[in-house]
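**Q** Provided below: protein_7.pdb, containing PDB, N, CA and C atoms and all ligand atoms.
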```
ATOM      1  N   MET A   1      10.687   1.405 -27.910  1.00  0.00           N
ATOM      2  CA  MET A   1      11.046   1.771 -26.529  1.00  0.00           C
ATOM      3  C   MET A   1       9.934   1.316 -25.575  1.00  0.00           C
ATOM      4  N   PRO A   2      10.259   0.526 -24.608  1.00  0.00           N
ATOM      5  CA  PRO A   2       9.220   0.050 -23.682  1.00  0.00           C
ATOM      6  C   PRO A   2       8.707   1.179 -22.801  1.00  0.00           C
ATOM      7  N   GLN A   3       7.447   1.153 -22.578  1.00  0.00           N
ATOM      8  CA  GLN A   3       6.866   2.190 -21.727  1.00  0.00           C
ATOM      9  C   GLN A   3       6.801   1.682 -20.295  1.00  0.00           C
ATOM     10  N   GLN A   4       7.443   2.420 -19.417  1.00  0.00           N
ATOM     11  CA  GLN A   4       7.437   2.025 -18.015  1.00  0.00           C
ATOM     12  C   GLN A   4       6.567   2.982 -17.219  1.00  0.00           C
ATOM     13  N   GLN A   5       5.336   2.581 -17.053  1.00  0.00           N
ATOM     14  CA  GLN A   5       4.444   3.451 -16.295  1.00  0.00           C
ATOM     15  C   GLN A   5       3.912   2.736 -15.064  1.00  0.00           C
ATOM     16  N   ARG A   6       4.573   1.701 -14.665  1.00  0.00           N
ATOM     17  CA  ARG A   6       4.052   0.920 -13.541  1.00  0.00           C
ATOM     18  C   ARG A   6       4.214   1.669 -12.228  1.00  0.00           C
ATOM     19  N   HIS A   7       5.115   2.631 -12.206  1.00  0.00           N
ATOM     20  CA  HIS A   7       5.278   3.391 -10.964  1.00  0.00           C
ATOM     21  C   HIS A   7       4.169   4.409 -10.773  1.00  0.00           C
ATOM     22  N   ASN A   8       3.590   4.774 -11.896  1.00  0.00           N
ATOM     23  CA  ASN A   8       2.535   5.775 -11.818  1.00  0.00           C
ATOM     24  C   ASN A   8       1.208   5.091 -11.521  1.00  0.00           C
ATOM     25  N   MET A   9       0.803   5.086 -10.283  1.00  0.00           N
ATOM     26  CA  MET A   9      -0.416   4.385  -9.912  1.00  0.00           C
ATOM     27  C   MET A   9      -1.615   5.323  -9.893  1.00  0.00           C
ATOM     28  N   GLY A  10      -1.393   6.562 -10.250  1.00  0.00           N
ATOM     29  CA  GLY A  10      -2.519   7.483 -10.359  1.00  0.00           C
ATOM     30  C   GLY A  10      -3.096   7.882  -9.011  1.00  0.00           C
ATOM     31  N   ALA A  11      -4.252   8.487  -9.076  1.00  0.00           N
ATOM     32  CA  ALA A  11      -4.852   9.014  -7.855  1.00  0.00           C
ATOM     33  C   ALA A  11      -5.800   8.020  -7.204  1.00  0.00           C
ATOM     34  N   GLY A  12      -6.086   6.924  -7.913  1.00  0.00           N
ATOM     35  CA  GLY A  12      -7.014   5.951  -7.341  1.00  0.00           C
ATOM     36  C   GLY A  12      -6.308   4.989  -6.425  1.00  0.00           C
ATOM     37  N   GLY A  13      -6.944   3.857  -6.203  1.00  0.00           N
ATOM     38  CA  GLY A  13      -6.309   2.838  -5.383  1.00  0.00           C
ATOM     39  C   GLY A  13      -6.709   2.933  -3.934  1.00  0.00           C
ATOM     40  N   ALA A  14      -6.031   2.144  -3.136  1.00  0.00           N
ATOM     41  CA  ALA A  14      -6.402   2.058  -1.735  1.00  0.00           C
ATOM     42  C   ALA A  14      -5.165   1.956  -0.871  1.00  0.00           C
ATOM     43  N   CYS A  15      -5.332   2.334   0.380  1.00  0.00           N
ATOM     44  CA  CYS A  15      -4.292   2.132   1.377  1.00  0.00           C
ATOM     45  C   CYS A  15      -4.748   1.010   2.302  1.00  0.00           C
ATOM     46  N   ILE A  16      -3.821   0.147   2.643  1.00  0.00           N
ATOM     47  CA  ILE A  16      -4.188  -0.967   3.497  1.00  0.00           C
ATOM     48  C   ILE A  16      -3.292  -0.997   4.721  1.00  0.00           C
ATOM     49  N   CYS A  17      -3.823  -1.552   5.804  1.00  0.00           N
ATOM     50  CA  CYS A  17      -3.038  -1.705   7.021  1.00  0.00           C
ATOM     51  C   CYS A  17      -2.534  -3.139   7.113  1.00  0.00           C
ATOM     52  N   PRO A  18      -1.237  -3.318   7.240  1.00  0.00           N
ATOM     53  CA  PRO A  18      -0.685  -4.670   7.309  1.00  0.00           C
ATOM     54  C   PRO A  18      -1.028  -5.389   8.609  1.00  0.00           C
ATOM     55  N   LYS A  19      -1.443  -4.648   9.604  1.00  0.00           N
ATOM     56  CA  LYS A  19      -1.718  -5.274  10.902  1.00  0.00           C
ATOM     57  C   LYS A  19      -3.156  -5.741  11.028  1.00  0.00           C
ATOM     58  N   CYS A  20      -4.080  -4.852  10.713  1.00  0.00           N
ATOM     59  CA  CYS A  20      -5.478  -5.173  11.002  1.00  0.00           C
ATOM     60  C   CYS A  20      -6.320  -5.313   9.748  1.00  0.00           C
ATOM     61  N   ASP A  21      -5.658  -5.294   8.597  1.00  0.00           N
ATOM     62  CA  ASP A  21      -6.360  -5.492   7.328  1.00  0.00           C
ATOM     63  C   ASP A  21      -7.367  -4.391   7.029  1.00  0.00           C
ATOM     64  N   TYR A  22      -7.188  -3.251   7.664  1.00  0.00           N
ATOM     65  CA  TYR A  22      -7.995  -2.103   7.279  1.00  0.00           C
ATOM     66  C   TYR A  22      -7.713  -1.761   5.829  1.00  0.00           C
ATOM     67  N   ARG A  23      -8.736  -1.337   5.120  1.00  0.00           N
ATOM     68  CA  ARG A  23      -8.557  -0.951   3.732  1.00  0.00           C
ATOM     69  C   ARG A  23      -9.381   0.305   3.477  1.00  0.00           C
ATOM     70  N   GLY A  24      -8.720   1.354   3.045  1.00  0.00           N
ATOM     71  CA  GLY A  24      -9.437   2.584   2.807  1.00  0.00           C
ATOM     72  C   GLY A  24      -8.959   3.255   1.544  1.00  0.00           C
ATOM     73  N   ALA A  25      -9.744   4.171   1.061  1.00  0.00           N
ATOM     74  CA  ALA A  25      -9.407   4.856  -0.178  1.00  0.00           C
ATOM     75  C   ALA A  25      -8.149   5.699   0.018  1.00  0.00           C
ATOM     76  N   HIS A  26      -7.293   5.655  -0.955  1.00  0.00           N
ATOM     77  CA  HIS A  26      -6.104   6.495  -0.927  1.00  0.00           C
ATOM     78  C   HIS A  26      -6.514   7.934  -1.201  1.00  0.00           C
ATOM     79  N   ARG A  27      -5.955   8.830  -0.410  1.00  0.00           N
ATOM     80  CA  ARG A  27      -6.283  10.242  -0.611  1.00  0.00           C
ATOM     81  C   ARG A  27      -5.207  10.898  -1.452  1.00  0.00           C
ATOM     82  N   ALA A  28      -5.639  11.577  -2.489  1.00  0.00           N
ATOM     83  CA  ALA A  28      -4.693  12.194  -3.413  1.00  0.00           C
ATOM     84  C   ALA A  28      -3.791  13.167  -2.674  1.00  0.00           C
ATOM     85  N   GLY A  29      -2.510  13.084  -2.933  1.00  0.00           N
ATOM     86  CA  GLY A  29      -1.569  14.018  -2.333  1.00  0.00           C
ATOM     87  C   GLY A  29      -1.038  13.571  -0.987  1.00  0.00           C
ATOM     88  N   ILE A  30      -1.635  12.536  -0.415  1.00  0.00           N
ATOM     89  CA  ILE A  30      -1.160  12.032   0.878  1.00  0.00           C
ATOM     90  C   ILE A  30      -0.664  10.601   0.697  1.00  0.00           C
ATOM     91  N   PRO A  31       0.633  10.393   0.805  1.00  0.00           N
ATOM     92  CA  PRO A  31       1.142   9.026   0.684  1.00  0.00           C
ATOM     93  C   PRO A  31       0.569   8.149   1.786  1.00  0.00           C
ATOM     94  N   CYS A  32       0.265   6.917   1.416  1.00  0.00           N
ATOM     95  CA  CYS A  32      -0.282   5.991   2.415  1.00  0.00           C
ATOM     96  C   CYS A  32       0.655   5.872   3.604  1.00  0.00           C
ATOM     97  N   GLN A  33       1.938   5.921   3.325  1.00  0.00           N
ATOM     98  CA  GLN A  33       2.908   5.745   4.408  1.00  0.00           C
ATOM     99  C   GLN A  33       2.848   6.875   5.424  1.00  0.00           C
ATOM    100  N   ASP A  34       2.281   7.998   5.017  1.00  0.00           N
ATOM    101  CA  ASP A  34       2.168   9.126   5.937  1.00  0.00           C
ATOM    102  C   ASP A  34       0.942   9.031   6.826  1.00  0.00           C
ATOM    103  N   GLU A  35       0.118   8.043   6.511  1.00  0.00           N
ATOM    104  CA  GLU A  35      -1.075   7.861   7.326  1.00  0.00           C
ATOM    105  C   GLU A  35      -0.851   6.709   8.293  1.00  0.00           C
ATOM    106  N   ARG A  36      -1.403   6.879   9.455  1.00  0.00           N
ATOM    107  CA  ARG A  36      -1.201   5.898  10.501  1.00  0.00           C
ATOM    108  C   ARG A  36      -2.547   5.520  11.091  1.00  0.00           C
ATOM    109  N   ARG A  37      -2.709   4.270  11.378  1.00  0.00           N
ATOM    110  CA  ARG A  37      -3.950   3.830  12.002  1.00  0.00           C
ATOM    111  C   ARG A  37      -3.873   4.135  13.488  1.00  0.00           C
ATOM    112  N   PRO A  38      -4.767   4.982  13.997  1.00  0.00           N
ATOM    113  CA  PRO A  38      -4.744   5.240  15.445  1.00  0.00           C
ATOM    114  C   PRO A  38      -5.016   3.968  16.234  1.00  0.00           C
ATOM    115  N   GLN A  39      -5.800   3.084  15.656  1.00  0.00           N
ATOM    116  CA  GLN A  39      -6.208   1.861  16.364  1.00  0.00           C
ATOM    117  C   GLN A  39      -5.037   0.933  16.642  1.00  0.00           C
ATOM    118  N   CYS A  40      -4.092   0.865  15.701  1.00  0.00           N
ATOM    119  CA  CYS A  40      -3.008  -0.101  15.898  1.00  0.00           C
ATOM    120  C   CYS A  40      -1.634   0.534  15.715  1.00  0.00           C
ATOM    121  N   GLY A  41      -1.592   1.786  15.291  1.00  0.00           N
ATOM    122  CA  GLY A  41      -0.313   2.472  15.192  1.00  0.00           C
ATOM    123  C   GLY A  41       0.529   2.094  13.993  1.00  0.00           C
ATOM    124  N   ALA A  42      -0.013   1.269  13.117  1.00  0.00           N
ATOM    125  CA  ALA A  42       0.755   0.818  11.959  1.00  0.00           C
ATOM    126  C   ALA A  42       0.663   1.827  10.826  1.00  0.00           C
ATOM    127  N   LYS A  43       1.736   1.932  10.091  1.00  0.00           N
ATOM    128  CA  LYS A  43       1.706   2.766   8.889  1.00  0.00           C
ATOM    129  C   LYS A  43       0.983   2.016   7.788  1.00  0.00           C
ATOM    130  N   LEU A  44       0.276   2.761   6.979  1.00  0.00           N
ATOM    131  CA  LEU A  44      -0.462   2.132   5.887  1.00  0.00           C
ATOM    132  C   LEU A  44       0.440   1.878   4.691  1.00  0.00           C
ATOM    133  N   LEU A  45       0.020   0.948   3.878  1.00  0.00           N
ATOM    134  CA  LEU A  45       0.717   0.632   2.638  1.00  0.00           C
ATOM    135  C   LEU A  45      -0.188   0.922   1.459  1.00  0.00           C
ATOM    136  N   ARG A  46       0.420   1.322   0.391  1.00  0.00           N
ATOM    137  CA  ARG A  46      -0.361   1.503  -0.825  1.00  0.00           C
ATOM    138  C   ARG A  46      -0.654   0.132  -1.423  1.00  0.00           C
ATOM    139  N   GLU A  47      -1.920  -0.120  -1.649  1.00  0.00           N
ATOM    140  CA  GLU A  47      -2.290  -1.404  -2.231  1.00  0.00           C
ATOM    141  C   GLU A  47      -1.678  -1.545  -3.622  1.00  0.00           C
ATOM    142  N   GLY A  48      -1.082  -2.678  -3.879  1.00  0.00           N
ATOM    143  CA  GLY A  48      -0.460  -2.916  -5.176  1.00  0.00           C
ATOM    144  C   GLY A  48       0.964  -2.429  -5.258  1.00  0.00           C
ATOM    145  N   SER A  49       1.444  -1.796  -4.181  1.00  0.00           N
ATOM    146  CA  SER A  49       2.809  -1.301  -4.196  1.00  0.00           C
ATOM    147  C   SER A  49       3.790  -2.444  -3.942  1.00  0.00           C
ATOM    148  N   HIS A  50       5.043  -2.122  -4.071  1.00  0.00           N
ATOM    149  CA  HIS A  50       6.085  -3.121  -3.829  1.00  0.00           C
ATOM    150  C   HIS A  50       5.942  -3.735  -2.438  1.00  0.00           C
ATOM    151  N   HIS A  51       5.702  -2.888  -1.442  1.00  0.00           N
ATOM    152  CA  HIS A  51       5.601  -3.395  -0.079  1.00  0.00           C
ATOM    153  C   HIS A  51       4.368  -4.268   0.120  1.00  0.00           C
ATOM    154  N   ASP A  52       3.308  -3.891  -0.557  1.00  0.00           N
ATOM    155  CA  ASP A  52       2.101  -4.698  -0.469  1.00  0.00           C
ATOM    156  C   ASP A  52       2.361  -6.078  -1.059  1.00  0.00           C
ATOM    157  N   GLN A  53       3.062  -6.120  -2.157  1.00  0.00           N
ATOM    158  CA  GLN A  53       3.351  -7.406  -2.792  1.00  0.00           C
ATOM    159  C   GLN A  53       4.223  -8.276  -1.889  1.00  0.00           C
ATOM    160  N   LEU A  54       5.168  -7.661  -1.215  1.00  0.00           N
ATOM    161  CA  LEU A  54       5.996  -8.423  -0.276  1.00  0.00           C
ATOM    162  C   LEU A  54       5.135  -9.021   0.830  1.00  0.00           C
ATOM    163  N   LEU A  55       4.201  -8.223   1.297  1.00  0.00           N
ATOM    164  CA  LEU A  55       3.318  -8.677   2.365  1.00  0.00           C
ATOM    165  C   LEU A  55       2.478  -9.855   1.893  1.00  0.00           C
ATOM    166  N   GLN A  56       1.952  -9.759   0.693  1.00  0.00           N
ATOM    167  CA  GLN A  56       1.125 -10.847   0.165  1.00  0.00           C
ATOM    168  C   GLN A  56       1.953 -12.122   0.038  1.00  0.00           C
ATOM    169  N   GLN A  57       3.184 -11.967  -0.388  1.00  0.00           N
ATOM    170  CA  GLN A  57       4.038 -13.142  -0.557  1.00  0.00           C
ATOM    171  C   GLN A  57       4.298 -13.807   0.786  1.00  0.00           C
ATOM    172  N   LYS A  58       4.505 -12.978   1.805  1.00  0.00           N
ATOM    173  CA  LYS A  58       4.755 -13.540   3.127  1.00  0.00           C
ATOM    174  C   LYS A  58       3.557 -14.331   3.614  1.00  0.00           C
ATOM    175  N   ARG A  59       2.376 -13.823   3.297  1.00  0.00           N
ATOM    176  CA  ARG A  59       1.170 -14.461   3.820  1.00  0.00           C
ATOM    177  C   ARG A  59       0.879 -15.788   3.143  1.00  0.00           C
ATOM    178  N   GLN A  60       1.452 -15.991   1.993  1.00  0.00           N
ATOM    179  CA  GLN A  60       1.175 -17.238   1.287  1.00  0.00           C
ATOM    180  C   GLN A  60       1.984 -18.400   1.837  1.00  0.00           C
ATOM    181  N   HIS A  61       2.925 -18.093   2.694  1.00  0.00           N
ATOM    182  CA  HIS A  61       3.741 -19.177   3.244  1.00  0.00           C
ATOM    183  C   HIS A  61       3.060 -19.827   4.439  1.00  0.00           C
TER     184      HIS A  61
HETATM  185 ZN    ZN B   1      -4.218  -1.498  11.550  1.00  0.00          ZN
END
```
When written as structure tokens, how does the structure in this file appear?
Ligand SMILES: [Zn+2]

**A**
Amino acid sequence: MPQQQRHNMGAGGACICPKCDYRGAHRAGIPCQDERRPQCGAKLLREGSHHDQLLQQKRQH
């Protein structure tokens, strides 16, 4: 049986801002999406998440 634990990213990692490239430590219990950069108003993304990967792909074009 394959083990699917890729969704479980644990308590570590980082939150990143897609607008200004801010990168900060992810706080346990607070989803990155619930945090907002006052400087630019953008919602943060969890680094390594599906949305982060989409963003990286866009930037490679
Ligand atoms: Zn920002």

**Q** Based on the backbone DSSP call, show me all residues of chain A assigned strand (DSSP E), as a short mmCIF file (atom, residue, chain, number, x, y, z; two decimals) with N, CA and C atoms, in the coordinates of the input.

**A**
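Result file follows (part_20.cif):
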```cif
data_model
loop_
_atom_site.label_atom_id
_atom_site.label_comp_id
_atom_site.auth_asym_id
_atom_site.auth_seq_id
_atom_site.Cartn_x
_atom_site.Cartn_y
_atom_site.Cartn_z
N ALA A 14 -6.03 2.14 -3.14
CA ALA A 14 -6.40 2.06 -1.74
C ALA A 14 -5.16 1.96 -0.87
N CYS A 15 -5.33 2.33 0.38
CA CYS A 15 -4.29 2.13 1.38
C CYS A 15 -4.75 1.01 2.30
N ILE A 16 -3.82 0.15 2.64
CA ILE A 16 -4.19 -0.97 3.50
C ILE A 16 -3.29 -1.00 4.72
N ARG A 23 -8.74 -1.34 5.12
CA ARG A 23 -8.56 -0.95 3.73
C ARG A 23 -9.38 0.30 3.48
N GLY A 24 -8.72 1.35 3.04
CA GLY A 24 -9.44 2.58 2.81
C GLY A 24 -8.96 3.26 1.54
N ALA A 25 -9.74 4.17 1.06
CA ALA A 25 -9.41 4.86 -0.18
C ALA A 25 -8.15 5.70 0.02
N LEU A 45 0.02 0.95 3.88
CA LEU A 45 0.72 0.63 2.64
C LEU A 45 -0.19 0.92 1.46
N ARG A 46 0.42 1.32 0.39
CA ARG A 46 -0.36 1.50 -0.82
C ARG A 46 -0.65 0.13 -1.42
#
```

**Q** Could you pull out the residues sitting within 8 Å of ligand ZN 1 (chain B), using only C-alpha atoms and all ligand atoms, and write them as a count of residues only?

**A** 14

**Q** Can you pull out the residues contacting A:Ala25? Cut-off 6 Å, using only N, CA and C atoms, and skip same-chain residues under 5 positions away; I want them as a count of residues only.

**A** 3

**Q** What separation in Å, quoted to one decimal, exists between atom CA of A:Leu45 and atom CA of A:Arg59?

**A**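 One can read the atom CA of A:Leu45 to atom CA of A:Arg59 distance as 15.1 Å.
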
**Q** In Å, rounded to a single decimal, give me how far atom CA of A:His61 is from atom CA of A:His26.

**A**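 For atom CA of A:His26 relative to atom CA of A:His61, the distance reads 27.8 Å.
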
**Q** Kindly compute an axis-aligned box around the listed atoms of stretch 46-52 of chain A, allowing 5 Å on each side, and express its centre and edge lengths in Å to one decimal as lines of an AutoDock Vina configuration file.

**A**
```
center_x = 1.9
center_y = -2.3
center_z = -2.4
size_x = 18.4
size_y = 17.6
size_z = 15.6
```

**Q** Could you jot down the atom CA of A:Arg27 to atom CA of A:Ser49 separation for me, Å, one decimal place?

**A**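 One can read the atom CA of A:Arg27 to atom CA of A:Ser49 distance as 15.1 Å.
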
**Q** Could you find all residues in chain A that DSSP calls helix (DSSP H, G or I) from the backbone, and write them as a PyMOL selection string?

**A** chain A and resi 32-34+50-59

**Q** Nearest to A:Ile30 among A:His50, A:Gly12, A:Leu55, A:Gln60, with distances taken over only C-alpha atoms: which residue is it?

**A**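 Closest to A:Ile30 of all the choices is A:Gly12.
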
**Q** Can you put N, CA, C and O atoms back into stretch 9-28 of chain A and show it as a short mmCIF file (atom, residue, chain, number, x, y, z; two decimals), in the coordinates of the input?

**A**
```cif
data_model
loop_
_atom_site.label_atom_id
_atom_site.label_comp_id
_atom_site.auth_asym_id
_atom_site.auth_seq_id
_atom_site.Cartn_x
_atom_site.Cartn_y
_atom_site.Cartn_z
N MET A 9 0.80 5.09 -10.28
CA MET A 9 -0.42 4.38 -9.91
C MET A 9 -1.62 5.32 -9.89
O MET A 9 -2.71 4.93 -9.54
N GLY A 10 -1.39 6.56 -10.25
CA GLY A 10 -2.52 7.48 -10.36
C GLY A 10 -3.10 7.88 -9.01
O GLY A 10 -2.52 7.62 -7.96
N ALA A 11 -4.25 8.49 -9.08
CA ALA A 11 -4.85 9.01 -7.86
C ALA A 11 -5.80 8.02 -7.20
O ALA A 11 -6.25 8.24 -6.10
N GLY A 12 -6.09 6.92 -7.91
CA GLY A 12 -7.01 5.95 -7.34
C GLY A 12 -6.31 4.99 -6.42
O GLY A 12 -5.22 5.25 -5.94
N GLY A 13 -6.94 3.86 -6.20
CA GLY A 13 -6.31 2.84 -5.38
C GLY A 13 -6.71 2.93 -3.93
O GLY A 13 -7.59 3.70 -3.55
N ALA A 14 -6.03 2.14 -3.14
CA ALA A 14 -6.40 2.06 -1.74
C ALA A 14 -5.16 1.96 -0.87
O ALA A 14 -4.09 1.56 -1.32
N CYS A 15 -5.33 2.33 0.38
CA CYS A 15 -4.29 2.13 1.38
C CYS A 15 -4.75 1.01 2.30
O CYS A 15 -5.91 0.95 2.68
N ILE A 16 -3.82 0.15 2.64
CA ILE A 16 -4.19 -0.97 3.50
C ILE A 16 -3.29 -1.00 4.72
O ILE A 16 -2.15 -0.55 4.68
N CYS A 17 -3.82 -1.55 5.80
CA CYS A 17 -3.04 -1.70 7.02
C CYS A 17 -2.53 -3.14 7.11
O CYS A 17 -3.33 -4.08 7.07
N PRO A 18 -1.24 -3.32 7.24
CA PRO A 18 -0.68 -4.67 7.31
C PRO A 18 -1.03 -5.39 8.61
O PRO A 18 -0.94 -6.60 8.69
N LYS A 19 -1.44 -4.65 9.60
CA LYS A 19 -1.72 -5.27 10.90
C LYS A 19 -3.16 -5.74 11.03
O LYS A 19 -3.43 -6.85 11.45
N CYS A 20 -4.08 -4.85 10.71
CA CYS A 20 -5.48 -5.17 11.00
C CYS A 20 -6.32 -5.31 9.75
O CYS A 20 -7.53 -5.44 9.82
N ASP A 21 -5.66 -5.29 8.60
CA ASP A 21 -6.36 -5.49 7.33
C ASP A 21 -7.37 -4.39 7.03
O ASP A 21 -8.29 -4.58 6.26
N TYR A 22 -7.19 -3.25 7.66
CA TYR A 22 -8.00 -2.10 7.28
C TYR A 22 -7.71 -1.76 5.83
O TYR A 22 -6.59 -1.90 5.35
N ARG A 23 -8.74 -1.34 5.12
CA ARG A 23 -8.56 -0.95 3.73
C ARG A 23 -9.38 0.30 3.48
O ARG A 23 -10.58 0.31 3.74
N GLY A 24 -8.72 1.35 3.04
CA GLY A 24 -9.44 2.58 2.81
C GLY A 24 -8.96 3.26 1.54
O GLY A 24 -7.89 2.93 1.02
N ALA A 25 -9.74 4.17 1.06
CA ALA A 25 -9.41 4.86 -0.18
C ALA A 25 -8.15 5.70 0.02
O ALA A 25 -7.97 6.35 1.06
N HIS A 26 -7.29 5.66 -0.96
CA HIS A 26 -6.10 6.50 -0.93
C HIS A 26 -6.51 7.93 -1.20
O HIS A 26 -7.30 8.21 -2.09
N ARG A 27 -5.96 8.83 -0.41
CA ARG A 27 -6.28 10.24 -0.61
C ARG A 27 -5.21 10.90 -1.45
O ARG A 27 -4.01 10.78 -1.15
N ALA A 28 -5.64 11.58 -2.49
CA ALA A 28 -4.69 12.19 -3.41
C ALA A 28 -3.79 13.17 -2.67
O ALA A 28 -4.24 13.97 -1.86
#
```
